[in-house]
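> Handing over target_38.txt, compact mmCIF, C-alpha atoms.
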```txt
# COMPACT_ATOMS: atom_id res chain seq x y z
CA MET B 1 0.00 0.00 0.00
CA VAL B 2 1.29 3.42 -0.91
CA VAL B 3 0.63 6.22 1.56
CA LEU B 4 0.55 9.73 0.16
CA ILE B 5 1.39 12.60 2.50
CA ARG B 6 0.52 16.12 1.47
CA LYS B 7 3.42 18.53 1.44
CA THR B 8 1.61 20.81 3.88
CA HIS B 9 1.18 17.95 6.36
CA LEU B 10 4.78 16.93 5.90
CA GLY B 11 5.93 20.47 6.53
CA LEU B 12 3.80 20.73 9.66
CA SER B 13 5.10 17.41 10.96
CA ALA B 14 8.69 18.50 10.39
CA LEU B 15 8.02 21.80 12.13
CA LEU B 16 6.47 20.06 15.15
CA LEU B 17 9.31 17.55 15.34
CA ALA B 18 11.82 20.40 15.25
CA ALA B 19 9.87 22.15 17.98
CA VAL B 20 9.82 19.06 20.19
CA ALA B 21 13.54 18.53 19.61
CA GLY B 22 14.17 22.14 20.57
CA MET B 23 12.05 21.78 23.68
CA ALA B 24 13.92 18.62 24.69
CA LEU B 25 17.21 20.51 24.37
CA ILE B 26 15.92 23.40 26.49
CA LEU B 27 14.67 21.01 29.17
CA TRP B 28 17.94 19.10 29.15
CA GLN B 29 19.91 22.32 29.61
CA GLY B 30 17.90 23.21 32.71
CA SER B 31 19.61 22.54 36.02
CA GLY B 32 18.16 20.61 38.95
CA SER B 33 15.33 18.11 38.99
CA ILE B 34 12.22 18.62 36.94
CA THR B 35 8.60 18.24 37.98
CA THR B 36 5.52 18.52 35.82
CA PHE B 37 3.12 21.43 36.02
CA SER B 38 0.59 19.13 37.71
CA SER B 39 2.91 18.87 40.72
CA LEU B 40 2.51 22.61 41.23
CA THR B 41 -1.25 22.15 41.47
CA GLY B 42 -1.10 19.35 44.01
CA GLY B 43 -0.95 16.48 41.55
CA GLU B 44 -4.25 17.36 39.90
CA PRO B 45 -4.61 16.93 36.11
CA SER B 46 -3.15 19.73 34.04
CA PRO B 47 -5.58 22.63 33.64
CA ILE B 48 -6.95 23.99 30.40
CA VAL B 49 -4.43 26.39 28.90
CA VAL B 50 -6.10 29.55 27.66
CA VAL B 51 -3.77 30.91 24.98
CA ASP B 52 -4.54 34.59 24.60
CA PRO B 53 -3.17 36.61 21.66
CA GLY B 54 -3.36 40.14 23.04
CA HIS B 55 -5.20 42.96 21.24
CA GLY B 56 -6.71 42.35 17.78
CA GLY B 57 -8.77 44.06 15.11
CA GLU B 58 -9.17 47.79 15.64
CA ASP B 59 -7.00 47.51 18.74
CA GLY B 60 -3.65 46.75 17.15
CA GLY B 61 -1.53 47.41 20.24
CA ALA B 62 2.03 48.65 19.85
CA VAL B 63 3.34 49.60 16.41
CA ALA B 64 6.99 49.38 15.30
CA ALA B 65 8.80 52.03 13.29
CA ASP B 66 8.44 49.90 10.16
CA GLY B 67 4.67 49.65 10.66
CA THR B 68 4.62 46.16 12.17
CA VAL B 69 1.52 45.88 14.37
CA GLU B 70 1.58 43.97 17.63
CA SER B 71 -1.75 42.16 17.28
CA GLY B 72 -0.66 40.19 14.22
CA LEU B 73 2.58 39.03 15.84
CA ASN B 74 0.71 38.05 19.00
CA LEU B 75 -1.63 35.87 16.95
CA GLN B 76 1.14 34.17 14.98
CA ILE B 77 3.15 33.29 18.09
CA ALA B 78 0.05 32.24 20.03
CA GLN B 79 -1.04 29.92 17.22
CA ARG B 80 2.36 28.24 17.23
CA LEU B 81 2.21 27.87 21.00
CA ASN B 82 -1.34 26.50 20.84
CA ASP B 83 -0.43 23.97 18.14
CA LEU B 84 2.62 22.83 20.06
CA LEU B 85 0.78 22.41 23.37
CA ARG B 86 -2.01 20.45 21.69
CA PHE B 87 0.53 18.28 19.87
CA LEU B 88 2.00 17.48 23.29
CA GLY B 89 -1.36 16.47 24.74
CA GLN B 90 -2.51 19.64 26.51
CA VAL B 91 -6.09 20.86 26.36
CA THR B 92 -6.13 24.44 25.07
CA VAL B 93 -8.55 27.23 24.22
CA MET B 94 -7.64 30.34 22.24
CA THR B 95 -9.36 33.64 22.97
CA ARG B 96 -9.17 34.53 19.28
CA THR B 97 -7.99 32.74 16.14
CA GLU B 98 -8.17 35.71 13.77
CA ASP B 99 -6.92 39.30 13.86
CA VAL B 100 -10.17 40.56 15.33
CA SER B 101 -11.36 42.21 18.53
CA ILE B 102 -13.81 40.01 20.43
CA TYR B 103 -16.17 42.75 21.60
CA SER B 104 -19.91 42.22 21.97
CA ASP B 105 -22.65 43.73 19.86
CA GLY B 106 -23.47 47.24 20.93
CA ALA B 107 -19.88 48.41 21.40
CA GLU B 108 -19.40 51.32 19.01
CA THR B 109 -16.44 53.50 19.97
CA LEU B 110 -12.89 52.16 20.12
CA HIS B 111 -12.93 52.55 23.92
CA GLN B 112 -16.18 50.61 24.22
CA LYS B 113 -14.80 47.88 21.99
CA LYS B 114 -11.60 47.58 24.04
CA VAL B 115 -13.54 47.37 27.31
CA SER B 116 -15.98 44.81 25.88
CA ASP B 117 -13.12 42.77 24.41
CA LEU B 118 -11.34 42.56 27.78
CA LYS B 119 -14.54 41.66 29.62
CA ASN B 120 -15.20 38.86 27.14
CA ARG B 121 -11.68 37.47 27.60
CA VAL B 122 -12.14 37.53 31.37
CA ALA B 123 -15.52 35.81 31.03
CA LEU B 124 -14.02 33.10 28.84
CA VAL B 125 -11.27 32.32 31.35
CA ASN B 126 -13.54 32.50 34.40
CA GLY B 127 -16.09 30.29 32.67
CA LEU B 128 -13.64 27.38 32.69
CA GLU B 129 -13.55 25.24 35.82
CA ASP B 130 -9.79 24.74 35.77
CA ALA B 131 -7.67 27.08 33.67
CA VAL B 132 -4.37 28.87 33.41
CA LEU B 133 -4.00 31.95 31.24
CA VAL B 134 -0.99 32.49 28.98
CA SER B 135 -1.31 35.87 27.27
CA ILE B 136 1.03 36.74 24.40
CA HIS B 137 2.06 40.36 23.88
CA GLN B 138 4.84 42.58 22.52
CA ASN B 139 6.54 45.34 24.48
CA SER B 140 7.51 48.85 23.41
CA LEU B 141 9.74 51.45 25.02
CA PRO B 142 10.38 54.19 22.44
CA GLY B 143 12.46 56.20 24.91
CA SER B 144 14.95 53.32 25.16
CA PRO B 145 15.31 51.77 21.69
CA LYS B 146 18.23 49.59 22.76
CA THR B 147 16.09 47.67 25.26
CA HIS B 148 15.24 44.22 23.90
CA GLY B 149 14.34 40.67 24.85
CA ALA B 150 11.44 38.64 26.24
CA GLN B 151 10.05 39.03 29.75
CA VAL B 152 7.29 37.32 31.75
CA PHE B 153 4.81 38.94 34.12
CA TYR B 154 2.44 37.11 36.49
CA ASN B 155 -0.61 37.69 38.66
CA GLY B 156 -0.86 36.74 42.34
CA LEU B 157 -2.73 33.44 41.98
CA GLU B 158 -0.76 30.26 42.57
CA PRO B 159 1.09 28.79 40.81
CA ALA B 160 1.56 31.79 38.51
CA PRO B 161 4.83 33.00 40.15
CA ALA B 162 6.52 29.60 39.74
CA LEU B 163 5.16 29.22 36.22
CA ALA B 164 6.50 32.66 35.28
CA ALA B 165 9.90 31.75 36.71
CA THR B 166 10.25 28.59 34.62
CA VAL B 167 9.00 30.25 31.43
CA GLN B 168 11.42 33.13 32.00
CA GLU B 169 14.29 30.70 32.55
CA ARG B 170 13.57 28.93 29.27
CA LEU B 171 13.33 32.25 27.45
CA ASN B 172 16.63 33.36 28.98
CA GLN B 173 18.26 30.13 27.76
CA SER B 174 17.02 30.30 24.18
CA ILE B 175 16.00 33.89 23.38
CA ASN B 176 17.67 36.26 25.85
CA THR B 177 21.20 34.94 25.53
CA GLY B 178 23.45 37.37 27.41
CA ASN B 179 20.41 39.50 28.23
CA GLY B 180 18.70 37.54 31.00
CA LYS B 181 15.57 39.02 32.53
CA THR B 182 13.59 38.29 35.69
CA PRO B 183 9.83 37.73 35.93
CA LYS B 184 7.78 40.47 37.56
CA ARG B 185 4.39 40.75 39.26
CA ILE B 186 1.75 42.33 37.02
CA SER B 187 0.39 45.68 38.12
CA ASP B 188 -3.19 45.62 39.42
CA SER B 189 -3.95 48.26 36.81
CA ILE B 190 -4.02 45.53 34.14
CA TYR B 191 -7.71 44.65 33.85
CA LEU B 192 -7.33 41.18 32.34
CA THR B 193 -5.00 39.65 34.89
CA LYS B 194 -6.61 41.48 37.82
CA ASN B 195 -10.07 40.10 37.09
CA VAL B 196 -9.45 36.53 36.00
CA THR B 197 -9.88 33.89 38.69
CA ALA B 198 -7.10 31.74 37.23
CA PRO B 199 -3.32 31.89 37.51
CA ALA B 200 -2.07 34.06 34.66
CA ILE B 201 1.15 35.06 32.96
CA ILE B 202 1.79 37.64 30.27
CA VAL B 203 4.71 36.91 27.95
CA GLU B 204 6.09 40.09 26.41
CA CYS B 205 7.96 38.43 23.53
CA GLY B 206 10.09 41.39 22.48
CA PHE B 207 10.27 45.14 21.98
CA LEU B 208 8.75 46.67 18.86
CA SER B 209 10.72 49.80 19.74
CA ASN B 210 13.90 47.82 19.01
CA GLY B 211 14.66 47.25 15.33
CA GLU B 212 16.46 43.93 15.81
CA ASP B 213 13.69 42.52 17.98
CA THR B 214 11.10 43.65 15.44
CA ALA B 215 12.92 41.87 12.62
CA HIS B 216 13.32 38.66 14.63
CA LEU B 217 9.69 38.63 15.76
CA GLN B 218 8.53 38.48 12.14
CA GLU B 219 10.61 35.34 11.43
CA PRO B 220 8.66 32.03 11.63
CA GLY B 221 11.70 30.25 13.09
CA TYR B 222 12.05 32.83 15.86
CA GLN B 223 8.33 32.66 16.59
CA LEU B 224 8.70 28.90 16.94
CA GLN B 225 11.64 29.36 19.33
CA LEU B 226 9.45 31.57 21.49
CA ALA B 227 6.61 29.04 21.43
CA VAL B 228 8.96 26.20 22.35
CA ALA B 229 10.41 28.15 25.27
CA VAL B 230 6.98 29.05 26.65
CA ALA B 231 5.67 25.51 26.21
CA ALA B 232 8.76 24.03 27.86
CA GLY B 233 8.40 26.44 30.76
CA TYR B 234 4.75 25.57 31.13
CA LEU B 235 5.35 21.83 31.12
CA SER B 236 8.11 21.87 33.71
CA THR B 237 9.36 23.75 36.72
CA GLU B 238 12.50 23.63 38.76
CA GLU B 239 12.04 22.07 42.20
CA THR B 240 12.91 24.45 44.98
CA PRO B 241 14.38 23.26 48.30
```
Reformat the file's structure so that it appears as structure tokens.


Amino acid sequence: MVVLIRKTHLGLSALLLAAVAGMALILWQGSGSITTFSSLTGGEPSPIVVVDPGHGGEDGGAVAADGTVESGLNLQIAQRLNDLLRFLGQVTVMTRTEDVSIYSDGAETLHQKKVSDLKNRVALVNGLEDAVLVSIHQNSLPGSPKTHGAQVFYNGLEPAPALAATVQERLNQSINTGNGKTPKRISDSIYLTKNVTAPAIIVECGFLSNGEDTAHLQEPGYQLQLAVAVAAGYLSTEETP
């Protein structure tokens, strides 16, 4: 029997295999013993991962000097992360799968649409019995164009701090070489992470105010590296004494 494999399927399989190989390397490079995410939640089954591409539609988020809009990059990276997590057996939900804002009918002004969009994301997360939120964003600091790299922020619900630490470590190993960053607590002024009832992290994948970061963030291979690092961080954590 001859089995025909479409080129698109073959390409996807190769991409996923490369991602898994990259993840294995990142995990192997980590020091200390490794425990699964379920150990952080008392041995319970892994929660549903809500993969959230920030912004969307009329709300494009940050914009780079070359016109690159944050919302599109968020979606591309989030889709790679979602595909990888599902390939590895995790249950996932995406807040959006297109470059759209998920506001409700009746929202007319841009402000109303942004508020409605955020409320709908919160409702989606809080409507799940057991969830963890991973929100994908891009940073921007026009006053400091040399600042670059990926950084993780977390809310105060356990085990978000430990999750942020492992994701940050994986990003430091594979993305932030020589430019290591530390995870930080999210300000209570951020509506999404303040109002969800689930542990949440925001991954700021790079700075659109930095030309080199902007160029890298548009590369499929670099987007895959980011997805691998986040997935590896999610699936494991360093044991602490």

> Using only C-alpha atoms, which of B:Pro161, B:Gly211, B:Gly127, B:Gly178 sits nearest Ala64 of chain B?

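Using only C-alpha atoms, Ala64 of chain B sits closest to B:Gly211.
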
> I need the residue nearest Gln79 of chain B from this list: B:Ala231, B:Ala65, B:Ala215, B:Met94. Use only C-alpha atoms for the distance.

B:Met94

> If you measure from atom CA of Gly149 of chain B to atom CA of Gly206 of chain B, what distance in Å do you get, rounded to one decimal?

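According to the coordinates, atom CA of Gly149 of chain B and atom CA of Gly206 of chain B are separated by 4.9 Å.
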
> Using only C-alpha atoms, which residue out of B:Gly143, B:Pro183, B:Pro53, B:Pro159 lies closest to Asn82 of chain B?

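Ranked by minimum distance to Asn82 of chain B, first place goes to B:Pro53.
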
> Point out the residue among B:Gln218, B:Ser46, B:Asn74, B:Asn179 with the least atom-to-atom distance to Glu129 of chain B, counting only C-alpha atoms.

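Among the listed residues, B:Ser46 lies closest to Glu129 of chain B.
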
> Nearest residue to Ser140 of chain B out of B:Ser71, B:Ser101, B:Gln223, B:Asn210, using only C-alpha atoms?

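That would be B:Asn210, the residue with the smallest distance to Ser140 of chain B.
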
> For the point (-9.5, 37.1, 14.5) in the file's frame, write as JSON, numbers by chain all residues with an atom no more than 10 Å away, counting all atoms listed in the file.

{"B": [53, 55, 56, 57, 71, 72, 75, 95, 96, 97, 98, 99, 100, 101, 102]}

> So which one's closest to Ala150 of chain B, B:Thr68, B:Thr92, B:Ser104, B:Asn176? Using only C-alpha atoms, please.

B:Asn176

> Just the number, please: distance in Å from atom CA of Gly54 of chain B to atom CA of Gln173 of chain B, one decimal.

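So the answer is 24.3 Å.
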
> Work out how far apart atom CA of Val91 of chain B and atom CA of His216 of chain B are and give it in Å to one decimal.

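Atom CA of His216 of chain B lies at a distance of 28.8 Å from atom CA of Val91 of chain B.
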
> Residues at most 7 Å from Asp117 of chain B, counting all atoms listed in the file, excluding those fewer than 3 positions away in the same chain, as a ChimeraX atom specification?

/B:101-103,113-114,120-121

> Quick one: everything within 10 Å of Pro199 of chain B, counting all atoms listed in the file, minus sequence neighbours fewer than 5 positions away in the same chain. Send it as a ChimeraX atom specification.

/B:130-134,154-161,163,193

> Could you save the residues just selected, with C-alpha atoms, as a JSON list (two decimals), in the coordinates of the input?


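Listing of part.json after writing:
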```json
[["chain", "number", "residue", "atom", "x", "y", "z"],
["B", 130, "ASP", "CA", -9.79, 24.74, 35.77],
["B", 131, "ALA", "CA", -7.67, 27.08, 33.67],
["B", 132, "VAL", "CA", -4.37, 28.87, 33.41],
["B", 133, "LEU", "CA", -4.00, 31.95, 31.24],
["B", 134, "VAL", "CA", -0.99, 32.49, 28.98],
["B", 154, "TYR", "CA", 2.44, 37.11, 36.49],
["B", 155, "ASN", "CA", -0.61, 37.69, 38.66],
["B", 156, "GLY", "CA", -0.86, 36.74, 42.34],
["B", 157, "LEU", "CA", -2.73, 33.44, 41.98],
["B", 158, "GLU", "CA", -0.76, 30.26, 42.57],
["B", 159, "PRO", "CA", 1.09, 28.79, 40.81],
["B", 160, "ALA", "CA", 1.56, 31.79, 38.51],
["B", 161, "PRO", "CA", 4.83, 33.00, 40.15],
["B", 163, "LEU", "CA", 5.16, 29.22, 36.22],
["B", 193, "THR", "CA", -5.00, 39.65, 34.89]]
```

> Would you pick out the contacts of Leu88 of chain B at 10 Å or less, using only C-alpha atoms, so that residues sharing its chain but fewer than 2 positions from it are not included, and give the list as JSON, numbers by chain?

{"B": [16, 20, 82, 83, 84, 85, 86, 90, 91, 231, 235]}

> Scan for residues within 7 Å of the point (5.9, 38.7, 25.8) in the coordinates of the file, using all atoms listed in the file, and reply as JSON, numbers by chain.

{"B": [136, 137, 138, 139, 150, 151, 152, 202, 203, 204, 205, 206]}

> Create the file for the chosen residues now, containing C-alpha atoms and written as a JSON list (two decimals), keeping the file's coordinate frame.


```json
[["chain", "number", "residue", "atom", "x", "y", "z"],
["B", 136, "ILE", "CA", 1.03, 36.74, 24.40],
["B", 137, "HIS", "CA", 2.06, 40.36, 23.88],
["B", 138, "GLN", "CA", 4.84, 42.58, 22.52],
["B", 139, "ASN", "CA", 6.54, 45.34, 24.48],
["B", 150, "ALA", "CA", 11.44, 38.64, 26.24],
["B", 151, "GLN", "CA", 10.05, 39.03, 29.75],
["B", 152, "VAL", "CA", 7.29, 37.32, 31.75],
["B", 202, "ILE", "CA", 1.79, 37.64, 30.27],
["B", 203, "VAL", "CA", 4.71, 36.91, 27.95],
["B", 204, "GLU", "CA", 6.09, 40.09, 26.41],
["B", 205, "CYS", "CA", 7.96, 38.43, 23.53],
["B", 206, "GLY", "CA", 10.09, 41.39, 22.48]]
```
